[in-house]
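*Asks:* Let me give you the structure first, and then I'll get to my questions.
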Amino acid sequence: MKQKLHHIIPLLLLGLAGRPALAAAPETPSAGQPLSAPSETALMQDTLVLDALPGDTLPEVDISIRVLPQRRKNFFTHRAKERYSRGVTNYLFVPKKQWMGGLSASYANFDSKDSRMLLSLIDDFDFYGYTVKVNPYAGYFFKDNQCVGLKVGYSRTIGRLGNLGLVVEDIDLSLKEMYLSEDLISGTLFHRSYVGLDSRMRFALFNETALSVGRGSTRFTHGKEGEENRQDTRTTITEVQLGFNPGLSVFIMNNVSTEVSFGILGLKYRSEKQTDDRGETGTYNSSGANFKINL
């Protein structure tokens with residue numbers, strides 16, 4: 001069979017390649033007609049003629065090629081949809097539907113009798129104080145490595161200044177019989193997210209977000225009991241804190257772990273209402289943020 005192709009092969013090749021050079025030339029507008037924008041779609045047409053054998057009848061076939069416009073990719077949108085892997089693997093540390101509980105406690109005291117340096121700089125210094133904190137907590141893992149829980153805290157601070165004498169040139173400072181006590185109870189709602197570091201489920205990093213509300217009272221006295229000029233002031237305290245505490249947790253036994261955390265960011269609001277022994281009252285409100293490491 002003898003076949004003749006009229007201009008169709010070059011058009012097919014250029015159409016498949018999608019080159020914009022195939023766009024048809026626009027017609028020249030007549031006088032008085034506005035110029036129109038060039039079209040982004042080119043339509044081309046040619047005729048394929050086949051020579052048939054005797055006795056055969058072949059119709060003419062019209063072939064049309066449509067070249068669709070190419071859309072430009074937005075660079076920023078394209079990059080934003082890409083997923084980038086940093087090679088960090090989050091191993092399972094604690095599976096879901098598990099409970100955890102613990103207790104944190106601290107005690108700190110200061111006695112002027114144990115500080116020889118201060119005794120050498122300050123004349124007749126007598127001070128004793130301590131702070132004790134107890135915080136039991138419990139949590140539930142609603143998802144692998146994800147935990148929510150509740151903490152209850154109690155803290156007590158006691159400070160007693162028996163005497164303080166400081167003489168600097170013509171300045172003579174003396175303070176005696178001052179006493180301060182503070183009791184505070186708090187409740188904290190927290191969320192922890194763990195990142196397992198090994199496949200044996202022993203080491204993990206975590207970040208804890210905690211919202212706590214506390215309420216307590218303080219008492220400050222100046223002077224001995226029974227003195228005419230003795231001052232006695234009582235204060236009611238309300239505190240609200242939001243903290244972010246990253247840390248490290250290590251299982252030392254199958255069901256026992258130890259951890260250390262760092263308080264690097266905290267937001268705090270404190271409201272105080274004071275009443276003295278003469279019936280006078282006053283209020284004080286304070287708020288602030290800190291960026292520091294608290295062990």
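Note on naming: chains are A, B, ... as they come in the structure tokens, residues start from 1 per chain, ligands start from 1 in the order shown.
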Write out as a tab-separated table (two decimals) with all heavy atoms, in the first residue's frame the set of residues from range 173-230 of chain A that DSSP, computed on the backbone, places in strand (DSSP E or B).
*Replies:*
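In the end it all went to selection01.tsv:
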chain	number	residue	atom	x	y	z
A	173	LEU	N	22.74	50.35	110.90
A	173	LEU	CA	21.48	49.67	110.58
A	173	LEU	C	21.29	48.50	111.53
A	173	LEU	O	22.20	47.67	111.70
A	173	LEU	CB	21.49	49.17	109.13
A	173	LEU	CG	20.26	48.38	108.67
A	173	LEU	CD1	19.01	49.25	108.71
A	173	LEU	CD2	20.47	47.82	107.26
A	174	SER	N	20.12	48.43	112.11
A	174	SER	CA	19.83	47.35	113.05
A	174	SER	C	18.38	46.90	112.87
A	174	SER	O	17.45	47.72	112.88
A	174	SER	CB	20.06	47.82	114.49
A	174	SER	OG	19.74	46.78	115.39
A	175	LEU	N	18.19	45.59	112.67
A	175	LEU	CA	16.87	44.98	112.54
A	175	LEU	C	16.78	43.82	113.52
A	175	LEU	O	17.72	43.03	113.67
A	175	LEU	CB	16.64	44.48	111.11
A	175	LEU	CG	16.65	45.53	110.00
A	175	LEU	CD1	16.56	44.85	108.64
A	175	LEU	CD2	15.51	46.53	110.18
A	176	LYS	N	15.63	43.71	114.20
A	176	LYS	CA	15.46	42.68	115.20
A	176	LYS	C	14.05	42.11	115.13
A	176	LYS	O	13.11	42.78	114.73
A	176	LYS	CB	15.70	43.24	116.60
A	176	LYS	CG	17.11	43.70	116.87
A	176	LYS	CD	17.24	44.20	118.31
A	176	LYS	CE	18.66	44.66	118.59
A	176	LYS	NZ	18.83	45.15	119.99
A	177	GLU	N	13.94	40.86	115.51
A	177	GLU	CA	12.68	40.16	115.71
A	177	GLU	C	11.72	40.32	114.53
A	177	GLU	O	10.65	40.92	114.63
A	177	GLU	CB	12.01	40.65	117.00
A	177	GLU	CG	12.81	40.41	118.27
A	177	GLU	CD	13.12	38.94	118.50
A	177	GLU	OE1	12.29	38.09	118.08
A	177	GLU	OE2	14.16	38.63	119.09
A	178	MET	N	12.11	39.76	113.38
A	178	MET	CA	11.24	39.73	112.20
A	178	MET	C	10.95	38.27	111.85
A	178	MET	O	11.85	37.42	111.88
A	178	MET	CB	11.91	40.45	111.03
A	178	MET	CG	12.26	41.90	111.32
A	178	MET	SD	13.07	42.73	109.94
A	178	MET	CE	11.74	42.80	108.76
A	179	TYR	N	9.69	38.02	111.52
A	179	TYR	CA	9.26	36.65	111.26
A	179	TYR	C	8.34	36.62	110.04
A	179	TYR	O	7.46	37.49	109.88
A	179	TYR	CB	8.51	36.09	112.49
A	179	TYR	CG	7.92	34.72	112.29
A	179	TYR	CD1	8.70	33.57	112.41
A	179	TYR	CD2	6.57	34.58	111.96
A	179	TYR	CE1	8.15	32.31	112.22
A	179	TYR	CE2	6.01	33.33	111.78
A	179	TYR	CZ	6.81	32.20	111.91
A	179	TYR	OH	6.26	30.95	111.73
A	180	LEU	N	8.55	35.64	109.17
A	180	LEU	CA	7.74	35.49	107.96
A	180	LEU	C	7.39	34.03	107.76
A	180	LEU	O	8.26	33.14	107.86
A	180	LEU	CB	8.50	36.00	106.72
A	180	LEU	CG	7.82	35.76	105.36
A	180	LEU	CD1	6.55	36.60	105.24
A	180	LEU	CD2	8.77	36.07	104.21
A	181	SER	N	6.12	33.76	107.46
A	181	SER	CA	5.67	32.41	107.13
A	181	SER	C	4.73	32.48	105.93
A	181	SER	O	3.94	33.42	105.81
A	181	SER	CB	4.96	31.76	108.32
A	181	SER	OG	3.76	32.44	108.62
A	182	GLU	N	4.84	31.48	105.08
A	182	GLU	CA	4.00	31.42	103.86
A	182	GLU	C	3.59	29.98	103.61
A	182	GLU	O	4.41	29.07	103.62
A	182	GLU	CB	4.75	31.97	102.66
A	182	GLU	CG	3.95	31.90	101.36
A	182	GLU	CD	4.71	32.46	100.17
A	182	GLU	OE1	4.88	33.69	100.11
A	182	GLU	OE2	5.15	31.67	99.32
A	183	ASP	N	2.30	29.79	103.35
A	183	ASP	CA	1.74	28.48	103.00
A	183	ASP	C	0.96	28.64	101.70
A	183	ASP	O	0.11	29.54	101.59
A	183	ASP	CB	0.82	27.95	104.10
A	183	ASP	CG	1.56	27.68	105.40
A	183	ASP	OD1	2.17	26.62	105.51
A	183	ASP	OD2	1.53	28.57	106.28
A	184	LEU	N	1.26	27.75	100.74
A	184	LEU	CA	0.65	27.86	99.41
A	184	LEU	C	0.25	26.48	98.92
A	184	LEU	O	1.05	25.53	98.96
A	184	LEU	CB	1.63	28.51	98.43
A	184	LEU	CG	1.12	28.77	97.01
A	184	LEU	CD1	0.00	29.80	97.04
A	184	LEU	CD2	2.26	29.26	96.11
A	185	ILE	N	-0.99	26.36	98.44
A	185	ILE	CA	-1.51	25.12	97.84
A	185	ILE	C	-1.85	25.43	96.38
A	185	ILE	O	-2.46	26.45	96.07
A	185	ILE	CB	-2.76	24.61	98.58
A	185	ILE	CG1	-2.40	24.30	100.04
A	185	ILE	CG2	-3.32	23.37	97.90
A	185	ILE	CD1	-3.60	23.87	100.87
A	186	SER	N	-1.47	24.51	95.48
A	186	SER	CA	-1.67	24.74	94.04
A	186	SER	C	-2.17	23.48	93.36
A	186	SER	O	-1.92	22.35	93.82
A	186	SER	CB	-0.36	25.21	93.37
A	186	SER	OG	0.63	24.21	93.47
A	187	GLY	N	-2.87	23.68	92.26
A	187	GLY	CA	-3.29	22.60	91.38
A	187	GLY	C	-2.83	22.90	89.96
A	187	GLY	O	-2.94	24.04	89.49
A	188	THR	N	-2.29	21.88	89.28
A	188	THR	CA	-1.68	22.08	87.96
A	188	THR	C	-2.21	21.05	86.98
A	188	THR	O	-2.24	19.84	87.27
A	188	THR	CB	-0.14	21.94	88.05
A	188	THR	OG1	0.36	22.88	89.00
A	188	THR	CG2	0.50	22.20	86.71
A	189	LEU	N	-2.61	21.53	85.81
A	189	LEU	CA	-2.99	20.67	84.69
A	189	LEU	C	-1.85	20.70	83.68
A	189	LEU	O	-1.42	21.78	83.26
A	189	LEU	CB	-4.28	21.16	84.04
A	189	LEU	CG	-4.83	20.35	82.86
A	189	LEU	CD1	-5.24	18.96	83.33
A	189	LEU	CD2	-6.01	21.08	82.22
A	190	PHE	N	-1.34	19.51	83.30
A	190	PHE	CA	-0.16	19.48	82.44
A	190	PHE	C	-0.36	18.52	81.27
A	190	PHE	O	-1.18	17.60	81.33
A	190	PHE	CB	1.09	19.09	83.23
A	190	PHE	CG	1.11	17.66	83.70
A	190	PHE	CD1	1.68	16.65	82.92
A	190	PHE	CD2	0.57	17.31	84.93
A	190	PHE	CE1	1.69	15.33	83.35
A	190	PHE	CE2	0.60	16.00	85.38
A	190	PHE	CZ	1.15	15.00	84.58
A	191	HIS	N	0.45	18.76	80.24
A	191	HIS	CA	0.51	17.89	79.05
A	191	HIS	C	1.96	17.61	78.74
A	191	HIS	O	2.79	18.52	78.72
A	191	HIS	CB	-0.16	18.55	77.84
A	191	HIS	CG	0.08	17.81	76.56
A	191	HIS	ND1	1.12	18.13	75.70
A	191	HIS	CD2	-0.55	16.75	76.01
A	191	HIS	CE1	1.10	17.31	74.67
A	191	HIS	NE2	0.09	16.47	74.82
A	192	ARG	N	2.26	16.35	78.50
A	192	ARG	CA	3.63	15.95	78.17
A	192	ARG	C	3.67	15.24	76.83
A	192	ARG	O	2.82	14.40	76.52
A	192	ARG	CB	4.21	15.01	79.24
A	192	ARG	CG	4.71	15.70	80.48
A	192	ARG	CD	5.49	14.74	81.35
A	192	ARG	NE	5.95	15.38	82.57
A	192	ARG	CZ	6.71	14.78	83.48
A	192	ARG	NH1	7.08	13.52	83.28
A	192	ARG	NH2	7.08	15.41	84.56
A	193	SER	N	4.70	15.58	76.07
A	193	SER	CA	4.96	14.94	74.77
A	193	SER	C	6.37	14.38	74.81
A	193	SER	O	7.34	15.12	74.99
A	193	SER	CB	4.79	15.94	73.64
A	193	SER	OG	5.09	15.35	72.40
A	194	TYR	N	6.48	13.06	74.65
A	194	TYR	CA	7.77	12.38	74.71
A	194	TYR	C	8.31	12.10	73.31
A	194	TYR	O	7.54	11.87	72.37
A	194	TYR	CB	7.66	11.05	75.46
A	194	TYR	CG	7.42	11.19	76.95
A	194	TYR	CD1	6.13	11.31	77.46
A	194	TYR	CD2	8.49	11.18	77.85
A	194	TYR	CE1	5.90	11.41	78.83
A	194	TYR	CE2	8.28	11.28	79.22
A	194	TYR	CZ	6.98	11.41	79.69
A	194	TYR	OH	6.76	11.51	81.05
A	195	VAL	N	9.62	12.09	73.19
A	195	VAL	CA	10.33	11.67	71.98
A	195	VAL	C	11.30	10.57	72.38
A	195	VAL	O	12.31	10.83	73.04
A	195	VAL	CB	11.08	12.84	71.33
A	195	VAL	CG1	11.85	12.36	70.10
A	195	VAL	CG2	10.13	13.95	70.95
A	196	GLY	N	10.97	9.33	72.01
A	196	GLY	CA	11.83	8.20	72.36
A	196	GLY	C	13.15	8.25	71.60
A	196	GLY	O	13.19	8.54	70.41
A	203	PHE	N	15.27	5.67	77.08
A	203	PHE	CA	15.62	7.08	77.13
A	203	PHE	C	14.62	7.87	76.27
A	203	PHE	O	14.23	7.42	75.19
A	203	PHE	CB	17.04	7.33	76.61
A	203	PHE	CG	18.10	6.60	77.39
A	203	PHE	CD1	18.51	5.33	77.02
A	203	PHE	CD2	18.68	7.19	78.50
A	203	PHE	CE1	19.48	4.66	77.73
A	203	PHE	CE2	19.66	6.53	79.22
A	203	PHE	CZ	20.07	5.26	78.84
A	204	ALA	N	14.27	9.04	76.77
A	204	ALA	CA	13.35	9.90	76.02
A	204	ALA	C	13.50	11.34	76.46
A	204	ALA	O	13.80	11.64	77.63
A	204	ALA	CB	11.90	9.45	76.21
A	205	LEU	N	13.31	12.24	75.51
A	205	LEU	CA	13.17	13.66	75.79
A	205	LEU	C	11.68	13.99	75.88
A	205	LEU	O	10.86	13.34	75.23
A	205	LEU	CB	13.83	14.50	74.71
A	205	LEU	CG	15.34	14.34	74.52
A	205	LEU	CD1	15.81	15.13	73.31
A	205	LEU	CD2	16.11	14.76	75.76
A	206	PHE	N	11.34	15.00	76.66
A	206	PHE	CA	9.94	15.39	76.76
A	206	PHE	C	9.84	16.89	76.92
A	206	PHE	O	10.80	17.57	77.32
A	206	PHE	CB	9.24	14.68	77.91
A	206	PHE	CG	9.69	15.12	79.29
A	206	PHE	CD1	9.13	16.21	79.92
A	206	PHE	CD2	10.69	14.42	79.95
A	206	PHE	CE1	9.53	16.61	81.18
A	206	PHE	CE2	11.11	14.81	81.22
A	206	PHE	CZ	10.53	15.90	81.84
A	207	ASN	N	8.67	17.39	76.59
A	207	ASN	CA	8.34	18.80	76.83
A	207	ASN	C	7.01	18.84	77.57
A	207	ASN	O	6.03	18.22	77.16
A	207	ASN	CB	8.23	19.59	75.53
A	207	ASN	CG	7.89	21.05	75.79
A	207	ASN	OD1	8.65	21.77	76.44
A	207	ASN	ND2	6.74	21.48	75.31
A	208	GLU	N	6.99	19.57	78.67
A	208	GLU	CA	5.79	19.66	79.52
A	208	GLU	C	5.26	21.08	79.49
A	208	GLU	O	6.00	22.04	79.73
A	208	GLU	CB	6.13	19.25	80.95
A	208	GLU	CG	4.94	19.36	81.90
A	208	GLU	CD	5.31	18.98	83.32
A	208	GLU	OE1	5.52	17.78	83.57
A	208	GLU	OE2	5.42	19.89	84.17
A	209	THR	N	3.98	21.20	79.19
A	209	THR	CA	3.28	22.48	79.26
A	209	THR	C	2.32	22.40	80.44
A	209	THR	O	1.48	21.49	80.49
A	209	THR	CB	2.52	22.76	77.97
A	209	THR	OG1	3.43	22.74	76.86
A	209	THR	CG2	1.84	24.11	78.02
A	210	ALA	N	2.45	23.33	81.38
A	210	ALA	CA	1.69	23.24	82.63
A	210	ALA	C	1.00	24.57	82.91
A	210	ALA	O	1.59	25.65	82.78
A	210	ALA	CB	2.62	22.88	83.79
A	211	LEU	N	-0.25	24.47	83.34
A	211	LEU	CA	-1.04	25.62	83.78
A	211	LEU	C	-1.44	25.37	85.22
A	211	LEU	O	-2.13	24.38	85.52
A	211	LEU	CB	-2.28	25.80	82.90
A	211	LEU	CG	-3.25	26.91	83.32
A	211	LEU	CD1	-2.58	28.27	83.23
A	211	LEU	CD2	-4.52	26.87	82.47
A	212	SER	N	-1.01	26.25	86.12
A	212	SER	CA	-1.25	26.04	87.55
A	212	SER	C	-1.95	27.24	88.16
A	212	SER	O	-1.73	28.38	87.74
A	212	SER	CB	0.07	25.78	88.28
A	212	SER	OG	0.91	26.91	88.22
A	213	VAL	N	-2.77	26.95	89.16
A	213	VAL	CA	-3.47	27.97	89.94
A	213	VAL	C	-3.20	27.67	91.41
A	213	VAL	O	-3.39	26.54	91.86
A	213	VAL	CB	-4.98	27.96	89.65
A	213	VAL	CG1	-5.70	29.01	90.51
A	213	VAL	CG2	-5.25	28.22	88.18
A	214	GLY	N	-2.73	28.69	92.13
A	214	GLY	CA	-2.40	28.50	93.54
A	214	GLY	C	-3.03	29.56	94.41
A	214	GLY	O	-3.31	30.68	93.97
A	215	ARG	N	-3.23	29.16	95.66
A	215	ARG	CA	-3.81	30.10	96.64
A	215	ARG	C	-3.19	29.81	98.00
A	215	ARG	O	-2.98	28.64	98.37
A	215	ARG	CB	-5.33	29.96	96.69
A	215	ARG	CG	-5.99	31.03	97.57
A	215	ARG	CD	-7.50	30.97	97.43
A	215	ARG	NE	-8.17	31.95	98.29
A	215	ARG	CZ	-8.33	33.23	97.98
A	215	ARG	NH1	-7.89	33.68	96.82
A	215	ARG	NH2	-8.95	34.06	98.80
A	216	GLY	N	-2.89	30.87	98.72
A	216	GLY	CA	-2.26	30.69	100.02
A	216	GLY	C	-2.30	31.96	100.84
A	216	GLY	O	-3.00	32.93	100.50
A	217	SER	N	-1.51	31.96	101.91
A	217	SER	CA	-1.49	33.10	102.82
A	217	SER	C	-0.10	33.24	103.42
A	217	SER	O	0.67	32.27	103.52
A	217	SER	CB	-2.52	32.92	103.94
A	217	SER	OG	-2.21	31.77	104.72
A	218	THR	N	0.23	34.46	103.80
A	218	THR	CA	1.49	34.76	104.48
A	218	THR	C	1.20	35.58	105.73
A	218	THR	O	0.17	36.27	105.83
A	218	THR	CB	2.45	35.54	103.57
A	218	THR	OG1	1.89	36.83	103.28
A	218	THR	CG2	2.71	34.79	102.27
A	219	ARG	N	2.16	35.51	106.65
A	219	ARG	CA	2.08	36.31	107.86
A	219	ARG	C	3.45	36.90	108.15
A	219	ARG	O	4.46	36.17	108.17
A	219	ARG	CB	1.62	35.47	109.05
A	219	ARG	CG	1.44	36.29	110.33
A	219	ARG	CD	1.03	35.42	111.49
A	219	ARG	NE	0.84	36.24	112.71
A	219	ARG	CZ	0.57	35.73	113.90
A	219	ARG	NH1	0.45	34.41	114.04
A	219	ARG	NH2	0.43	36.54	114.94
A	220	PHE	N	3.48	38.19	108.38
A	220	PHE	CA	4.73	38.89	108.68
A	220	PHE	C	4.56	39.67	109.97
A	220	PHE	O	3.59	40.44	110.13
A	220	PHE	CB	5.09	39.85	107.54
A	220	PHE	CG	6.26	40.73	107.84
A	220	PHE	CD1	7.56	40.22	107.76
A	220	PHE	CD2	6.09	42.06	108.22
A	220	PHE	CE1	8.65	41.03	108.05
A	220	PHE	CE2	7.17	42.87	108.50
A	220	PHE	CZ	8.46	42.35	108.43
A	221	THR	N	5.50	39.47	110.89
A	221	THR	CA	5.47	40.18	112.16
A	221	THR	C	6.82	40.85	112.39
A	221	THR	O	7.87	40.35	111.96
A	221	THR	CB	5.17	39.24	113.33
A	221	THR	OG1	6.20	38.24	113.42
A	221	THR	CG2	3.82	38.57	113.14
A	222	HIS	N	6.78	41.98	113.08
A	222	HIS	CA	7.99	42.73	113.42
A	222	HIS	C	7.86	43.18	114.88
A	222	HIS	O	7.00	44.00	115.20
A	222	HIS	CB	8.16	43.93	112.51
A	222	HIS	CG	9.44	44.67	112.72
A	222	HIS	ND1	9.63	45.98	112.27
A	222	HIS	CD2	10.60	44.32	113.34
A	222	HIS	CE1	10.84	46.37	112.60
A	222	HIS	NE2	11.45	45.39	113.26
*Asks:* Report the residues of range 97-214 of chain A whose backbone DSSP state falls under alpha helix (DSSP H), written as a PyMOL selection string.
*Replies:* chain A and resi 116-121
*Asks:* Which neighbours of Gln274 in chain A fall inside 9 Å, counting only C-alpha atoms, when residues of the same chain fewer than 6 positions from it are skipped, and could you give them as number ranges by chain?
*Replies:* A: 233-237, 280-284
*Asks:* Next, write the just-selected residues to a file, as a PDB file, in the first residue's frame, keeping all heavy atoms as the atom set.
*Replies:*
ATOM      1  N   THR A 233       1.036  41.651 109.968  1.00  0.00           N
ATOM      2  CA  THR A 233       0.385  41.808 108.660  1.00  0.00           C
ATOM      3  C   THR A 233       0.115  40.438 108.057  1.00  0.00           C
ATOM      4  O   THR A 233       1.013  39.588 107.994  1.00  0.00           O
ATOM      5  CB  THR A 233       1.259  42.628 107.702  1.00  0.00           C
ATOM      6  OG1 THR A 233       1.568  43.887 108.289  1.00  0.00           O
ATOM      7  CG2 THR A 233       0.541  42.853 106.381  1.00  0.00           C
ATOM      8  N   ARG A 234      -1.103  40.251 107.613  1.00  0.00           N
ATOM      9  CA  ARG A 234      -1.496  38.987 106.968  1.00  0.00           C
ATOM     10  C   ARG A 234      -1.866  39.264 105.518  1.00  0.00           C
ATOM     11  O   ARG A 234      -2.530  40.259 105.214  1.00  0.00           O
ATOM     12  CB  ARG A 234      -2.663  38.327 107.709  1.00  0.00           C
ATOM     13  CG  ARG A 234      -2.337  38.008 109.170  1.00  0.00           C
ATOM     14  CD  ARG A 234      -3.557  37.497 109.905  1.00  0.00           C
ATOM     15  NE  ARG A 234      -3.269  37.300 111.323  1.00  0.00           N
ATOM     16  CZ  ARG A 234      -2.842  36.152 111.854  1.00  0.00           C
ATOM     17  NH1 ARG A 234      -2.681  35.099 111.065  1.00  0.00           N
ATOM     18  NH2 ARG A 234      -2.605  36.061 113.152  1.00  0.00           N
ATOM     19  N   THR A 235      -1.466  38.349 104.642  1.00  0.00           N
ATOM     20  CA  THR A 235      -1.649  38.541 103.194  1.00  0.00           C
ATOM     21  C   THR A 235      -2.283  37.294 102.585  1.00  0.00           C
ATOM     22  O   THR A 235      -1.865  36.171 102.886  1.00  0.00           O
ATOM     23  CB  THR A 235      -0.310  38.824 102.498  1.00  0.00           C
ATOM     24  OG1 THR A 235       0.329  39.934 103.125  1.00  0.00           O
ATOM     25  CG2 THR A 235      -0.520  39.129 101.025  1.00  0.00           C
ATOM     26  N   THR A 236      -3.274  37.515 101.729  1.00  0.00           N
ATOM     27  CA  THR A 236      -3.885  36.434 100.946  1.00  0.00           C
ATOM     28  C   THR A 236      -3.348  36.490  99.521  1.00  0.00           C
ATOM     29  O   THR A 236      -3.364  37.558  98.889  1.00  0.00           O
ATOM     30  CB  THR A 236      -5.418  36.556 100.936  1.00  0.00           C
ATOM     31  OG1 THR A 236      -5.893  36.529 102.285  1.00  0.00           O
ATOM     32  CG2 THR A 236      -6.040  35.407 100.161  1.00  0.00           C
ATOM     33  N   ILE A 237      -2.890  35.342  99.010  1.00  0.00           N
ATOM     34  CA  ILE A 237      -2.194  35.289  97.726  1.00  0.00           C
ATOM     35  C   ILE A 237      -2.981  34.413  96.742  1.00  0.00           C
ATOM     36  O   ILE A 237      -3.482  33.342  97.109  1.00  0.00           O
ATOM     37  CB  ILE A 237      -0.778  34.712  97.885  1.00  0.00           C
ATOM     38  CG1 ILE A 237       0.028  35.556  98.879  1.00  0.00           C
ATOM     39  CG2 ILE A 237      -0.058  34.645  96.549  1.00  0.00           C
ATOM     40  CD1 ILE A 237       1.373  34.949  99.217  1.00  0.00           C
ATOM     41  N   GLU A 280      -6.245  48.112 108.515  1.00  0.00           N
ATOM     42  CA  GLU A 280      -5.992  48.716 107.216  1.00  0.00           C
ATOM     43  C   GLU A 280      -5.730  47.624 106.181  1.00  0.00           C
ATOM     44  O   GLU A 280      -5.094  46.607 106.467  1.00  0.00           O
ATOM     45  CB  GLU A 280      -4.793  49.659 107.300  1.00  0.00           C
ATOM     46  CG  GLU A 280      -5.005  50.834 108.235  1.00  0.00           C
ATOM     47  CD  GLU A 280      -3.804  51.755 108.283  1.00  0.00           C
ATOM     48  OE1 GLU A 280      -2.785  51.413 107.627  1.00  0.00           O
ATOM     49  OE2 GLU A 280      -3.883  52.801 108.953  1.00  0.00           O
ATOM     50  N   THR A 281      -6.226  47.863 104.962  1.00  0.00           N
ATOM     51  CA  THR A 281      -6.099  46.880 103.888  1.00  0.00           C
ATOM     52  C   THR A 281      -5.426  47.505 102.674  1.00  0.00           C
ATOM     53  O   THR A 281      -5.433  48.729 102.496  1.00  0.00           O
ATOM     54  CB  THR A 281      -7.474  46.315 103.476  1.00  0.00           C
ATOM     55  OG1 THR A 281      -8.290  47.391 102.992  1.00  0.00           O
ATOM     56  CG2 THR A 281      -8.159  45.640 104.653  1.00  0.00           C
ATOM     57  N   GLY A 282      -4.887  46.655 101.834  1.00  0.00           N
ATOM     58  CA  GLY A 282      -4.253  47.085 100.588  1.00  0.00           C
ATOM     59  C   GLY A 282      -4.134  45.922  99.629  1.00  0.00           C
ATOM     60  O   GLY A 282      -4.157  44.754 100.042  1.00  0.00           O
ATOM     61  N   THR A 283      -4.037  46.229  98.348  1.00  0.00           N
ATOM     62  CA  THR A 283      -3.910  45.201  97.319  1.00  0.00           C
ATOM     63  C   THR A 283      -2.688  45.487  96.453  1.00  0.00           C
ATOM     64  O   THR A 283      -2.272  46.642  96.291  1.00  0.00           O
ATOM     65  CB  THR A 283      -5.162  45.146  96.422  1.00  0.00           C
ATOM     66  OG1 THR A 283      -5.364  46.430  95.819  1.00  0.00           O
ATOM     67  CG2 THR A 283      -6.386  44.761  97.238  1.00  0.00           C
ATOM     68  N   TYR A 284      -2.155  44.424  95.896  1.00  0.00           N
ATOM     69  CA  TYR A 284      -0.988  44.549  95.014  1.00  0.00           C
ATOM     70  C   TYR A 284      -1.076  43.463  93.952  1.00  0.00           C
ATOM     71  O   TYR A 284      -1.256  42.273  94.273  1.00  0.00           O
ATOM     72  CB  TYR A 284       0.305  44.406  95.814  1.00  0.00           C
ATOM     73  CG  TYR A 284       1.552  44.383  94.964  1.00  0.00           C
ATOM     74  CD1 TYR A 284       2.032  45.546  94.370  1.00  0.00           C
ATOM     75  CD2 TYR A 284       2.240  43.190  94.735  1.00  0.00           C
ATOM     76  CE1 TYR A 284       3.167  45.540  93.580  1.00  0.00           C
ATOM     77  CE2 TYR A 284       3.375  43.170  93.946  1.00  0.00           C
ATOM     78  CZ  TYR A 284       3.843  44.340  93.378  1.00  0.00           C
ATOM     79  OH  TYR A 284       4.961  44.314  92.586  1.00  0.00           O
TER      80      TYR A 284
END
*Asks:* Taking 5 positions as the minimum chain separation for residues in the same chain, which residues sit within 9 Å of Pro136 in chain A when counting only C-alpha atoms? Answer as an mmCIF file with N, CA and C atoms, in the first residue's frame.
*Replies:*
data_model
loop_
_atom_site.group_PDB
_atom_site.id
_atom_site.type_symbol
_atom_site.label_atom_id
_atom_site.label_comp_id
_atom_site.auth_asym_id
_atom_site.auth_seq_id
_atom_site.Cartn_x
_atom_site.Cartn_y
_atom_site.Cartn_z
ATOM 1 N N GLY A 101 2.409 7.846 87.665
ATOM 2 C CA GLY A 101 2.275 8.627 88.886
ATOM 3 C C GLY A 101 3.645 8.850 89.494
ATOM 4 N N GLY A 102 3.757 9.903 90.266
ATOM 5 C CA GLY A 102 5.053 10.197 90.859
ATOM 6 C C GLY A 102 4.946 11.233 91.955
ATOM 7 N N LEU A 103 6.097 11.554 92.521
ATOM 8 C CA LEU A 103 6.181 12.513 93.613
ATOM 9 C C LEU A 103 7.504 13.253 93.508
ATOM 10 N N SER A 104 7.432 14.571 93.575
ATOM 11 C CA SER A 104 8.630 15.393 93.633
ATOM 12 C C SER A 104 8.615 16.170 94.939
ATOM 13 N N ALA A 105 9.750 16.214 95.603
ATOM 14 C CA ALA A 105 9.859 16.889 96.889
ATOM 15 C C ALA A 105 11.205 17.596 96.972
ATOM 16 N N LEU A 150 -2.559 15.648 86.211
ATOM 17 C CA LEU A 150 -2.859 16.643 87.229
ATOM 18 C C LEU A 150 -1.826 16.556 88.341
ATOM 19 N N LYS A 151 -1.388 17.722 88.812
ATOM 20 C CA LYS A 151 -0.460 17.822 89.936
ATOM 21 C C LYS A 151 -1.124 18.595 91.072
ATOM 22 N N VAL A 152 -0.775 18.208 92.293
ATOM 23 C CA VAL A 152 -1.199 18.937 93.481
ATOM 24 C C VAL A 152 0.057 19.290 94.262
ATOM 25 N N GLY A 153 0.195 20.552 94.609
ATOM 26 C CA GLY A 153 1.414 20.990 95.274
ATOM 27 C C GLY A 153 1.146 21.707 96.581
#
*Asks:* So the first atom is CA of Tyr140 in chain A and the second is CA of Ser249 in chain A; what is the distance between them in Å, to one decimal place?
*Replies:*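 Here the two named atoms are 16.3 Å from each other.
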*Asks:* So what do you get for CA of Asp144 in chain A versus CA of Ile252 in chain A, distance-wise?
*Replies:*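 Here the two named atoms are 20.1 Å from each other.
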*Asks:* Asn254 in chain A: which residues within 12 Å, counting only C-alpha atoms, same-chain residues fewer than 6 positions away excluded, as a PyMOL selection string?
*Replies:* chain A and resi 93-94+200-202
*Asks:* Tell me, in Å to one decimal, how far CA of Asn145 in chain A is from CA of Gln241 in chain A.
*Replies:*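 It comes out at 24.7 Å.
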*Asks:* Excluding Lys113 in chain A and any residue of its chain fewer than 6 positions from it, enumerate the residues within 9 Å of it, using only C-alpha atoms, and give them as a PyMOL selection string.
*Replies:* chain A and resi 119+125-128
